[in-house]
Amino acid sequence: MFRTVIISIFSFALCTLASVYAQAPSAPLMDGYNHTGVASCATAGCHGDQVAGPGAGPVVGQNEYFRWRAFGESGAHSRAYEVLLTPHAQRIARNLGIGPAQKADECLDCHADNVPDTLRSERFQISDGVGCEACHGGAQDWLAFHRSSADHALNVEAGLYPTEDPSARAQLCLNCHLGSGAKNQFVSHKIMGAGHPRLKFELDLYTTIQQHHRTDAGYSTRKTVAPGAQVWAIGQVSALQRTLDLLLDKKISGEGPFPELFFFDCHACHQPISSGLKDLSWRPNPLRPLGPGVPILNDANLFMLIAAARGLDTVLAERLENNGRALHAASLQSSKQFRRSAIVLRATTDEMASRVLSADFSDPAMVRAILREVVDASLAERYTNYAAAEQALFAVQRLSADLELNSTEMTTAIEQASNHVQSPSTYDQIRFRDALRKIETFLEQ
Ligand code: HEC
Ligand code: HEC
Ligand code: HEC
Ligand code: HEC
């Protein structure tokens with residue numbers, strides 16, 4: 001009884017804060033609300049109806065629970081906790097000496113809705129993994145009325161996370177798919193060295209893979225729908241902002257002379273040593289003032305952002321390029337110089353964020369121009385490394401989907417490009433560039 005009173009005062013204090021900071025909602029994991037558990041969402045008549053197709057119900061689909069639990073990648077969140085029970089996860093945890101993975105906050109803060117015990121209602125189960133409230137926010141204050149109230153703003157005020165807003169969504173997904181400054185939401189090189197897979201992410205694609213809603217006419221009267229290309233661009237700018245924030249956070253990047261290896265291109269170090277001319281893969285890159293044989297910052301999001309900027313604001317594009325070059329150069333100089341360059345690029349990304357938010361992405365000519373820049377960048381020999389090629393491929397797929405470029409020739413050309421980006425160990429820049437060149441010819445028609 002006494003405990004309940006304390007909790008409610010505590011969460012009241014946090015609610016007020018949350019509404020003051022309406023522009024930057026707190027992450028569901030830290031929203032201070034009680035999390036009621038997936039079971040409280042999953043009953044028939046609510047979100048647990050067994051009907052086919054996205055958005056099968058009259059207002060919302062009502063089958064979201066089954067879509068969340070679907071086989072394959074689209075239902076991965078429902079199995080994020082189970083993954084921690086596998087021999088792979090147990091080995092990672094053993095290598096790190098943190099006890100069983102399924103009990104370690106170092107793992108649970110991304111693989112489950114790991115709110116404090118005091119905020120777990122009766123039906124809450126940690127084994128539900130990344131449950132509904134890990135994204136939609138603790139339902140304590142909106143569970144009772146969100147079904148009868150059509151007013152989305154009211155729900156958001158009561159703690160529903162605004163997942164439809166692409167900037168807010170980017171912040172949410174990036175917490176786990178890139179990392180955050182929170183204590184246990186970062187996959188350092190140490191954790192990767194212990195066996196954790198490399199993280200990769202693209203907002204529009206990943207949203208589509210796990211999509212359990214339908215954006216029909218009814219939906220757009222309730223919520224604003226951003227074009228896919230804009231979601232892509234917001235994802236890129238948010239990822240770069242987040243990366244630089246983490247880089248500038250000494251708790252994350254460390255105080256030593258060499259920053260945390262997470263920020264570097266994995267395959268610059270992790271690739272077979274070439275034994276002759278034939279398999280020598282190093283090539284100069286016009287955006288990196290670095291010679292051979294040095295570690296390279298992972299600049300994949302920066303490359304994509306430069307392509308977007310070239311379609312939106314060429315002056316800003318040039319500044320991004322110059323700031324990026326300066327950061328690469330500084331990575332070989334002092335840590336002071338490195339931080340200074342990161343701060344300059346960080347400020348430019350803020351400008352880019354406002355350009356991306358205000359631009360009209362429903363204009364197909366502009367989206368086409370950006371897509372052309374993405375494939376053209378390859379002609380300029382920029383995709384020298386796998387991580388950059390991976391993001392370029394995501395961009396080609398999402399921007400061409402947005403433009404509905406789905407002719408057989410286009411689909412085949414994209415498939416061919418994708419064949420060259422199947423694995424870091426077989427990535428071949430020249431073949432990938434040639435495949436993109438083919439896509440470019442279709443864009444000119
Ligand atoms: C910053 C968030 C984050 C943290 C912290 C984290 N993970 Fe992960 N983990 C992920 C994401 C995201 C994926 C999916 C990667 C992908 O496929 O892109 C993943 C994937 C995995 C996989 C592979 C799953 C599969 O289906 O093959 C294992 C195993 C795993 N994590 C174990 C762990 C363990 C053990 C810990 C704690 C030491 C941990 N993770 C900490 C985010 C995180
Ligand atoms: C990984 C994050 C994530 C998880 C986990 C998640 N959702 Fe969602 N959900 C989203 C996003 C993103 C959207 C689309 C944007 C929007 O409408 O808010 C969405 C949309 C919805 C919608 C459609 C809203 C509308 O206005 O049409 C419903 C209903 C929903 N989710 C319910 C659930 C339920 C129930 C669960 C758990 C079984 C769940 N979601 C799990 C991220 C998530
Ligand atoms: C609380 C942490 C968390 C949040 C927030 C989160 N994810 Fe995930 N996501 C994960 C983990 C962990 C996995 C891997 C689970 C597994 O392997 O079963 C994953 C897997 C996925 C997958 C399957 C593909 C893959 O890489 O394994 C997609 C798609 C995905 N997430 C999209 C999203 C999107 C879109 C958002 C934001 C709306 C989001 N996620 C938010 C933790 C999270
Ligand atoms: C500057 C070079 C460098 C970069 C960049 C780098 N690593 Fe490493 N990595 C190392 C070294 C050194 C080791 C330790 C090798 C050993 O102990 O045998 C290592 C070990 C590992 C291991 C353990 C290998 C094994 O089989 O035991 C994994 C996995 C790993 N790194 C993944 C990554 C990922 C993912 C990235 C990108 C985010 C990355 N590394 C970036 C140098 C690097």
# chains A, B, ... in the order shown; residues from 1 in each chain; ligands from 1
>>> residues_around(residues="region 181-185 of chain A", least_positions_apart="2", cutoff="7 Å", atoms="only C-alpha atoms", output="list in words")
Asp105, Glu106, Asp109, Cys110, Asn175, Cys176, Gly179, Val187 and Leu246 of chain A
>>> residues_around(residues="Gly138 (chain A)", least_positions_apart="5", cutoff="9 Å", atoms="only C-alpha atoms", output="JSON, numbers by chain")
{"A": [28, 29, 31, 32, 33, 34, 35, 36, 37, 119, 132, 133, 143, 159, 160, 161]}
>>> write_last_selection(atoms="all heavy atoms", output="tab-separated table (two decimals), in the first residue's frame")
chain	number	residue	atom	x	y	z
A	28	PRO	N	10.56	5.04	-23.85
A	28	PRO	CA	9.64	4.20	-23.08
A	28	PRO	C	10.30	3.51	-21.88
A	28	PRO	O	9.71	3.41	-20.82
A	28	PRO	CB	9.18	3.18	-24.12
A	28	PRO	CG	9.23	3.92	-25.42
A	28	PRO	CD	10.43	4.83	-25.29
A	29	LEU	N	11.56	3.12	-22.05
A	29	LEU	CA	12.25	2.43	-20.96
A	29	LEU	C	12.43	3.32	-19.74
A	29	LEU	O	12.63	2.86	-18.63
A	29	LEU	CB	13.63	1.99	-21.48
A	29	LEU	CG	14.22	0.72	-20.91
A	29	LEU	CD1	13.33	-0.46	-21.22
A	29	LEU	CD2	15.62	0.48	-21.48
A	31	ASP	N	10.24	6.08	-19.10
A	31	ASP	CA	9.13	7.04	-19.06
A	31	ASP	C	8.49	7.16	-17.68
A	31	ASP	O	7.67	8.04	-17.44
A	31	ASP	CB	8.08	6.72	-20.15
A	31	ASP	CG	7.42	5.35	-20.00
A	31	ASP	OD1	7.64	4.69	-18.97
A	31	ASP	OD2	6.68	4.95	-20.91
A	32	GLY	N	8.87	6.28	-16.76
A	32	GLY	CA	8.37	6.40	-15.39
A	32	GLY	C	6.95	5.90	-15.19
A	32	GLY	O	6.43	5.97	-14.08
A	33	TYR	N	6.31	5.42	-16.24
A	33	TYR	CA	4.95	4.87	-16.11
A	33	TYR	C	5.02	3.38	-15.78
A	33	TYR	O	6.00	2.70	-16.14
A	33	TYR	CB	4.17	5.04	-17.42
A	33	TYR	CG	3.89	6.47	-17.78
A	33	TYR	CD1	4.57	7.08	-18.84
A	33	TYR	CD2	2.95	7.22	-17.09
A	33	TYR	CE1	4.31	8.39	-19.19
A	33	TYR	CE2	2.69	8.53	-17.43
A	33	TYR	CZ	3.37	9.12	-18.48
A	33	TYR	OH	3.12	10.41	-18.82
A	34	ASN	N	3.95	2.86	-15.19
A	34	ASN	CA	3.86	1.41	-15.04
A	34	ASN	C	3.71	0.78	-16.42
A	34	ASN	O	2.92	1.28	-17.24
A	34	ASN	CB	2.63	1.03	-14.22
A	34	ASN	CG	2.92	1.08	-12.73
A	34	ASN	OD1	3.99	0.64	-12.28
A	34	ASN	ND2	2.01	1.64	-11.97
A	35	HIS	N	4.41	-0.31	-16.66
A	35	HIS	CA	4.26	-1.05	-17.90
A	35	HIS	C	3.36	-2.25	-17.60
A	35	HIS	O	3.67	-3.06	-16.73
A	35	HIS	CB	5.63	-1.44	-18.45
A	35	HIS	CG	6.37	-0.28	-19.07
A	35	HIS	ND1	7.07	-0.35	-20.26
A	35	HIS	CD2	6.48	1.02	-18.66
A	35	HIS	CE1	7.58	0.84	-20.55
A	35	HIS	NE2	7.26	1.68	-19.59
A	36	THR	N	2.26	-2.34	-18.33
A	36	THR	CA	1.21	-3.29	-17.94
A	36	THR	C	1.42	-4.68	-18.55
A	36	THR	O	0.72	-5.61	-18.18
A	36	THR	CB	-0.17	-2.75	-18.37
A	36	THR	OG1	-0.16	-2.55	-19.78
A	36	THR	CG2	-0.47	-1.41	-17.70
A	37	GLY	N	2.35	-4.80	-19.50
A	37	GLY	CA	2.67	-6.11	-20.07
A	37	GLY	C	1.90	-6.42	-21.35
A	37	GLY	O	0.79	-5.92	-21.56
A	119	LEU	N	7.98	-0.66	-11.62
A	119	LEU	CA	7.09	-0.19	-12.69
A	119	LEU	C	6.51	-1.35	-13.50
A	119	LEU	O	6.01	-1.16	-14.61
A	119	LEU	CB	7.83	0.79	-13.61
A	119	LEU	CG	8.26	2.12	-12.95
A	119	LEU	CD1	9.03	2.98	-13.95
A	119	LEU	CD2	7.06	2.90	-12.43
A	132	CYS	N	5.07	-4.51	-26.55
A	132	CYS	CA	4.38	-3.33	-27.07
A	132	CYS	C	4.85	-2.04	-26.39
A	132	CYS	O	5.11	-1.02	-27.03
A	132	CYS	CB	2.87	-3.46	-26.87
A	132	CYS	SG	2.21	-5.11	-27.20
A	133	GLU	N	4.95	-2.10	-25.05
A	133	GLU	CA	5.25	-0.86	-24.31
A	133	GLU	C	6.71	-0.44	-24.40
A	133	GLU	O	7.05	0.68	-24.03
A	133	GLU	CB	4.82	-1.02	-22.85
A	133	GLU	CG	3.31	-1.06	-22.69
A	133	GLU	CD	2.90	-1.64	-21.35
A	133	GLU	OE1	3.12	-2.87	-21.16
A	133	GLU	OE2	2.38	-0.90	-20.51
A	143	LEU	N	-4.10	3.12	-20.92
A	143	LEU	CA	-4.69	1.82	-21.27
A	143	LEU	C	-6.23	1.88	-21.22
A	143	LEU	O	-6.92	1.43	-22.13
A	143	LEU	CB	-4.18	0.75	-20.30
A	143	LEU	CG	-4.67	-0.68	-20.60
A	143	LEU	CD1	-4.15	-1.17	-21.95
A	143	LEU	CD2	-4.22	-1.65	-19.51
A	159	GLY	N	1.16	9.59	-22.10
A	159	GLY	CA	2.35	8.75	-22.07
A	159	GLY	C	2.52	7.80	-23.25
A	159	GLY	O	3.50	7.07	-23.32
A	160	LEU	N	1.56	7.81	-24.19
A	160	LEU	CA	1.75	7.00	-25.40
A	160	LEU	C	2.91	7.62	-26.19
A	160	LEU	O	2.92	8.83	-26.42
A	160	LEU	CB	0.47	7.01	-26.26
A	160	LEU	CG	0.50	6.16	-27.52
A	160	LEU	CD1	0.11	4.72	-27.18
A	160	LEU	CD2	-0.47	6.68	-28.58
A	161	TYR	N	3.87	6.80	-26.59
A	161	TYR	CA	5.03	7.35	-27.31
A	161	TYR	C	4.60	7.66	-28.75
A	161	TYR	O	3.95	6.84	-29.40
A	161	TYR	CB	6.18	6.34	-27.30
A	161	TYR	CG	7.47	6.94	-27.79
A	161	TYR	CD1	8.34	7.59	-26.91
A	161	TYR	CD2	7.82	6.87	-29.14
A	161	TYR	CE1	9.52	8.17	-27.37
A	161	TYR	CE2	9.00	7.45	-29.60
A	161	TYR	CZ	9.85	8.09	-28.70
A	161	TYR	OH	11.01	8.67	-29.17
>>> residues_around(residues="region 216-225 of chain A", least_positions_apart="5", cutoff="10 Å", atoms="only C-alpha atoms", output="PyMOL selection string")
chain A and resi 55+58-60+150-153+162+164-166+231
>>> write_last_selection(atoms="C-alpha atoms", output="JSON list (two decimals), in the first residue's frame")
[["chain", "number", "residue", "atom", "x", "y", "z"],
["A", 55, "GLY", "CA", -4.81, -3.23, -40.33],
["A", 58, "PRO", "CA", -12.18, -1.32, -38.49],
["A", 59, "VAL", "CA", -9.97, 1.38, -36.94],
["A", 60, "VAL", "CA", -6.67, -0.27, -36.09],
["A", 150, "ALA", "CA", -9.99, 8.83, -31.02],
["A", 151, "ASP", "CA", -7.84, 11.75, -29.93],
["A", 152, "HIS", "CA", -4.26, 10.71, -30.48],
["A", 153, "ALA", "CA", -2.87, 13.88, -28.86],
["A", 162, "PRO", "CA", 4.52, 9.20, -30.64],
["A", 164, "GLU", "CA", 4.25, 7.85, -35.93],
["A", 165, "ASP", "CA", 6.50, 10.90, -35.76],
["A", 166, "PRO", "CA", 9.59, 9.93, -37.75],
["A", 231, "VAL", "CA", 11.62, 8.80, -43.17]]
>>> closest_residue(among="A:Pro286, A:Gly129, A:Gly293, A:Pro87", to="ligand 2", atoms="only C-alpha atoms and all ligand atoms")
A:Gly129
>>> residues_near_ligand(ligand="ligand 2", cutoff="6 Å", atoms="only C-alpha atoms and all ligand atoms", output="number ranges by chain")
A: 38, 41, 47, 60, 64-65, 68, 77, 130-132, 134-135, 163-164, 212-213, 219
>>> write_last_selection(atoms="C-alpha atoms", output="short mmCIF file (atom, residue, chain, number, x, y, z; two decimals), in the first residue's frame")
data_model
loop_
_atom_site.label_atom_id
_atom_site.label_comp_id
_atom_site.auth_asym_id
_atom_site.auth_seq_id
_atom_site.Cartn_x
_atom_site.Cartn_y
_atom_site.Cartn_z
CA VAL A 38 1.92 -7.58 -23.49
CA CYS A 41 -2.78 -5.65 -25.01
CA HIS A 47 -4.92 -6.27 -30.32
CA VAL A 60 -6.67 -0.27 -36.09
CA GLU A 64 -1.01 -6.43 -33.92
CA TYR A 65 -0.16 -9.06 -31.31
CA TRP A 68 4.43 -8.77 -33.51
CA HIS A 77 11.05 -8.26 -31.20
CA VAL A 130 10.70 -6.06 -26.80
CA GLY A 131 6.98 -5.87 -26.02
CA CYS A 132 4.38 -3.33 -27.07
CA ALA A 134 8.97 -0.93 -25.11
CA CYS A 135 7.95 1.17 -28.13
CA THR A 163 5.89 6.37 -32.83
CA GLU A 164 4.25 7.85 -35.93
CA HIS A 212 1.90 -4.00 -38.03
CA HIS A 213 -0.31 -1.09 -39.03
CA TYR A 219 -5.07 6.41 -40.35
#
>>> residues_near_ligand(ligand="ligand 1", cutoff="8 Å", atoms="only C-alpha atoms and all ligand atoms", output="PyMOL selection string")
chain A and resi 76+80+83-84+86-93+96+98+101-102+104-111+175-180+184-187+191+195-201
>>> write_last_selection(atoms="C-alpha atoms", output="PDB file, in the first residue's frame")
ATOM      1  CA  ALA A  76      12.017 -10.537 -34.109  1.00  0.00           C
ATOM      2  CA  ALA A  80      14.463 -10.728 -28.400  1.00  0.00           C
ATOM      3  CA  VAL A  83      17.661 -14.985 -28.079  1.00  0.00           C
ATOM      4  CA  LEU A  84      19.387 -14.390 -24.730  1.00  0.00           C
ATOM      5  CA  THR A  86      20.675 -19.386 -26.842  1.00  0.00           C
ATOM      6  CA  PRO A  87      24.195 -20.840 -26.600  1.00  0.00           C
ATOM      7  CA  HIS A  88      25.401 -17.861 -28.676  1.00  0.00           C
ATOM      8  CA  ALA A  89      24.135 -15.323 -26.118  1.00  0.00           C
ATOM      9  CA  GLN A  90      25.333 -17.416 -23.174  1.00  0.00           C
ATOM     10  CA  ARG A  91      28.801 -17.541 -24.686  1.00  0.00           C
ATOM     11  CA  ILE A  92      28.843 -13.736 -25.131  1.00  0.00           C
ATOM     12  CA  ALA A  93      27.795 -13.282 -21.495  1.00  0.00           C
ATOM     13  CA  LEU A  96      32.147 -10.803 -20.564  1.00  0.00           C
ATOM     14  CA  ILE A  98      28.372 -10.814 -16.490  1.00  0.00           C
ATOM     15  CA  ALA A 101      22.582 -13.084 -20.305  1.00  0.00           C
ATOM     16  CA  GLN A 102      18.849 -13.210 -19.516  1.00  0.00           C
ATOM     17  CA  ALA A 104      22.079  -9.039 -17.137  1.00  0.00           C
ATOM     18  CA  ASP A 105      20.957  -5.424 -17.611  1.00  0.00           C
ATOM     19  CA  GLU A 106      23.803  -5.146 -20.150  1.00  0.00           C
ATOM     20  CA  CYS A 107      21.667  -7.355 -22.422  1.00  0.00           C
ATOM     21  CA  LEU A 108      18.100  -6.808 -21.185  1.00  0.00           C
ATOM     22  CA  ASP A 109      18.131  -3.056 -21.785  1.00  0.00           C
ATOM     23  CA  CYS A 110      17.944  -3.782 -25.536  1.00  0.00           C
ATOM     24  CA  HIS A 111      16.501  -7.279 -25.626  1.00  0.00           C
ATOM     25  CA  ASN A 175      18.393   3.493 -28.746  1.00  0.00           C
ATOM     26  CA  CYS A 176      18.641  -0.238 -29.403  1.00  0.00           C
ATOM     27  CA  HIS A 177      19.709  -0.451 -33.055  1.00  0.00           C
ATOM     28  CA  LEU A 178      22.652   1.929 -32.778  1.00  0.00           C
ATOM     29  CA  GLY A 179      23.031   2.625 -29.062  1.00  0.00           C
ATOM     30  CA  SER A 180      22.363   5.401 -26.576  1.00  0.00           C
ATOM     31  CA  ASN A 184      23.452  -0.346 -20.700  1.00  0.00           C
ATOM     32  CA  GLN A 185      22.402   0.513 -24.217  1.00  0.00           C
ATOM     33  CA  PHE A 186      25.635   0.329 -26.096  1.00  0.00           C
ATOM     34  CA  VAL A 187      27.289  -2.574 -27.888  1.00  0.00           C
ATOM     35  CA  ILE A 191      30.813  -6.769 -26.405  1.00  0.00           C
ATOM     36  CA  GLY A 195      30.637 -12.352 -29.960  1.00  0.00           C
ATOM     37  CA  HIS A 196      27.773  -9.852 -30.426  1.00  0.00           C
ATOM     38  CA  PRO A 197      26.827  -9.243 -34.076  1.00  0.00           C
ATOM     39  CA  ARG A 198      27.567  -5.888 -35.690  1.00  0.00           C
ATOM     40  CA  LEU A 199      24.556  -3.545 -35.577  1.00  0.00           C
ATOM     41  CA  LYS A 200      23.073  -2.167 -38.786  1.00  0.00           C
ATOM     42  CA  PHE A 201      19.924  -0.114 -39.257  1.00  0.00           C
TER      43      PHE A 201
END
>>> residues_near_ligand(ligand="ligand 4", cutoff="8 Å", atoms="only C-alpha atoms and all ligand atoms", output="list in words")
Ser188, His189, Lys190, Met192, Gly193, Ala194, Gly195, His196, Pro197, Arg198, Leu199, Leu261, Phe262, Phe263, Phe264, Asp265, Cys266, His267, Ala268, Cys269, His270, Val294, Pro295, Ile296 and Leu297 of chain A
>>> closest_residue(among="A:Met410, A:Ile209, A:Ile234, A:Ile126", to="ligand 3", atoms="only C-alpha atoms and all ligand atoms")
A:Ile209
>>> select_by_dssp(residues="region 217-362 of chain A", states="helix (DSSP H, G or I)", output="ChimeraX atom specification")
/A:217-222,228-248,250-253,261-263,266-269,277-279,300-312,314-330,335-358
>>> residues_around(residues="Gln333 (chain A)", least_positions_apart="6", cutoff="12 Å", atoms="only C-alpha atoms", output="JSON, numbers by chain")
{"A": [257, 258, 259, 290, 326, 327, 339, 340, 341]}
>>> atom_distance(atom1="CA of Ser127 (chain A)", atom2="atom 32 (C, counted along the ligand's line) of ligand 3")
18.3 Å
>>> residues_around(residues="Arg288 (chain A)", least_positions_apart="4", cutoff="9 Å", atoms="only C-alpha atoms", output="list in words")
Pro284, Ile296, Gly324, Arg325, Ala326, His328, Ala329 and Arg382 of chain A
>>> write_last_selection(atoms="C-alpha atoms", output="JSON list (two decimals), in the first residue's frame")
[["chain", "number", "residue", "atom", "x", "y", "z"],
["A", 284, "PRO", "CA", 41.54, 5.92, -52.28],
["A", 296, "ILE", "CA", 38.54, 4.46, -40.92],
["A", 324, "GLY", "CA", 33.49, 15.01, -42.80],
["A", 325, "ARG", "CA", 36.93, 15.23, -44.38],
["A", 326, "ALA", "CA", 38.15, 17.29, -41.43],
["A", 328, "HIS", "CA", 38.61, 11.86, -40.84],
["A", 329, "ALA", "CA", 41.86, 13.84, -40.89],
["A", 382, "ARG", "CA", 32.98, 6.45, -52.50]]
>>> residues_around(residues="Phe432 (chain A)", least_positions_apart="3", cutoff="9 Å", atoms="only C-alpha atoms", output="compact mmCIF listing (two decimals) with all heavy atoms, in the first residue's frame")
# COMPACT_ATOMS: atom_id res chain seq x y z
N SER A 378 28.58 6.47 -55.96
CA SER A 378 29.35 5.26 -56.19
C SER A 378 30.29 5.44 -57.39
O SER A 378 31.42 4.99 -57.39
CB SER A 378 28.41 4.09 -56.41
OG SER A 378 28.85 3.30 -57.47
N TYR A 383 32.05 4.25 -52.31
CA TYR A 383 31.65 3.09 -51.50
C TYR A 383 32.79 2.08 -51.44
O TYR A 383 32.67 0.95 -51.88
CB TYR A 383 30.37 2.47 -52.06
CG TYR A 383 29.24 3.47 -52.15
CD1 TYR A 383 28.41 3.53 -53.27
CD2 TYR A 383 29.00 4.38 -51.12
CE1 TYR A 383 27.37 4.46 -53.35
CE2 TYR A 383 27.98 5.31 -51.20
CZ TYR A 383 27.16 5.34 -52.31
OH TYR A 383 26.16 6.26 -52.39
N ALA A 389 28.44 0.62 -48.58
CA ALA A 389 27.67 -0.04 -49.65
C ALA A 389 26.34 -0.55 -49.11
O ALA A 389 25.30 -0.46 -49.78
CB ALA A 389 28.48 -1.19 -50.22
N GLN A 416 20.65 -7.26 -58.68
CA GLN A 416 22.06 -7.51 -59.00
C GLN A 416 22.98 -6.72 -58.07
O GLN A 416 23.98 -7.25 -57.58
CB GLN A 416 22.35 -7.14 -60.46
CG GLN A 416 22.03 -8.32 -61.38
CD GLN A 416 21.98 -7.92 -62.83
OE1 GLN A 416 22.23 -6.77 -63.19
NE2 GLN A 416 21.64 -8.88 -63.69
N ALA A 417 22.60 -5.46 -57.82
CA ALA A 417 23.41 -4.66 -56.90
C ALA A 417 23.44 -5.33 -55.53
O ALA A 417 24.48 -5.44 -54.88
CB ALA A 417 22.85 -3.25 -56.79
N SER A 418 22.26 -5.82 -55.13
CA SER A 418 22.17 -6.43 -53.80
C SER A 418 23.00 -7.71 -53.69
O SER A 418 23.56 -8.01 -52.63
CB SER A 418 20.69 -6.65 -53.46
OG SER A 418 20.44 -7.94 -53.04
N ASN A 419 23.14 -8.43 -54.80
CA ASN A 419 23.98 -9.64 -54.79
C ASN A 419 25.43 -9.34 -54.42
O ASN A 419 26.13 -10.20 -53.90
CB ASN A 419 23.96 -10.31 -56.16
CG ASN A 419 22.63 -10.99 -56.42
OD1 ASN A 419 21.89 -11.26 -55.47
ND2 ASN A 419 22.31 -11.23 -57.68
N HIS A 420 25.86 -8.11 -54.71
CA HIS A 420 27.27 -7.77 -54.42
C HIS A 420 27.47 -7.29 -52.99
O HIS A 420 28.58 -6.98 -52.59
CB HIS A 420 27.77 -6.71 -55.40
CG HIS A 420 27.74 -7.19 -56.82
ND1 HIS A 420 28.40 -8.33 -57.23
CD2 HIS A 420 27.11 -6.70 -57.91
CE1 HIS A 420 28.17 -8.53 -58.52
NE2 HIS A 420 27.39 -7.56 -58.96
N VAL A 421 26.36 -7.17 -52.25
CA VAL A 421 26.49 -6.66 -50.88
C VAL A 421 25.99 -7.72 -49.88
O VAL A 421 25.54 -7.41 -48.80
CB VAL A 421 25.70 -5.32 -50.73
CG1 VAL A 421 26.06 -4.59 -49.44
CG2 VAL A 421 26.01 -4.38 -51.89
N TYR A 427 32.51 -8.58 -50.50
CA TYR A 427 32.14 -7.29 -51.10
C TYR A 427 33.21 -6.83 -52.09
O TYR A 427 34.41 -6.83 -51.78
CB TYR A 427 31.94 -6.22 -50.02
CG TYR A 427 31.71 -4.85 -50.61
CD1 TYR A 427 30.64 -4.62 -51.46
CD2 TYR A 427 32.58 -3.79 -50.36
CE1 TYR A 427 30.44 -3.37 -52.04
CE2 TYR A 427 32.39 -2.54 -50.93
CZ TYR A 427 31.31 -2.34 -51.77
OH TYR A 427 31.11 -1.11 -52.35
N ASP A 428 32.75 -6.44 -53.27
CA ASP A 428 33.67 -5.98 -54.30
C ASP A 428 33.15 -4.63 -54.81
O ASP A 428 32.13 -4.54 -55.47
CB ASP A 428 33.72 -7.01 -55.43
CG ASP A 428 34.66 -6.59 -56.56
OD1 ASP A 428 34.87 -5.37 -56.74
OD2 ASP A 428 35.16 -7.48 -57.27
N GLN A 429 33.91 -3.60 -54.48
CA GLN A 429 33.49 -2.24 -54.80
C GLN A 429 33.22 -2.04 -56.29
O GLN A 429 32.26 -1.38 -56.68
CB GLN A 429 34.58 -1.28 -54.33
CG GLN A 429 34.22 0.17 -54.54
CD GLN A 429 35.45 1.05 -54.54
OE1 GLN A 429 36.52 0.63 -54.09
NE2 GLN A 429 35.33 2.26 -55.03
N ALA A 435 26.99 -2.26 -60.94
CA ALA A 435 25.55 -2.56 -60.81
C ALA A 435 24.77 -1.26 -60.59
O ALA A 435 23.68 -1.08 -61.14
CB ALA A 435 25.32 -3.52 -59.66
N LEU A 436 25.33 -0.35 -59.80
CA LEU A 436 24.65 0.93 -59.56
C LEU A 436 24.60 1.76 -60.84
O LEU A 436 23.65 2.48 -61.10
CB LEU A 436 25.32 1.72 -58.44
CG LEU A 436 25.21 1.16 -57.03
CD1 LEU A 436 25.69 2.18 -56.01
CD2 LEU A 436 23.78 0.76 -56.68
N ARG A 437 25.65 1.63 -61.63
CA ARG A 437 25.69 2.39 -62.88
C ARG A 437 24.51 2.02 -63.78
O ARG A 437 23.91 2.86 -64.43
CB ARG A 437 27.02 2.08 -63.58
CG ARG A 437 27.30 2.96 -64.76
CD ARG A 437 28.69 2.68 -65.28
NE ARG A 437 29.71 3.42 -64.56
CZ ARG A 437 31.02 3.15 -64.63
NH1 ARG A 437 31.45 2.14 -65.35
NH2 ARG A 437 31.88 3.89 -63.99
>>> closest_residue(among="A:Thr43, A:Arg69, A:Lys336, A:Tyr206", to="ligand 3", atoms="only C-alpha atoms and all ligand atoms")
A:Tyr206
>>> atom_distance(atom1="CA of Thr207 (chain A)", atom2="atom 34 (C, counted along the ligand's line) of ligand 3")
5.1 Å
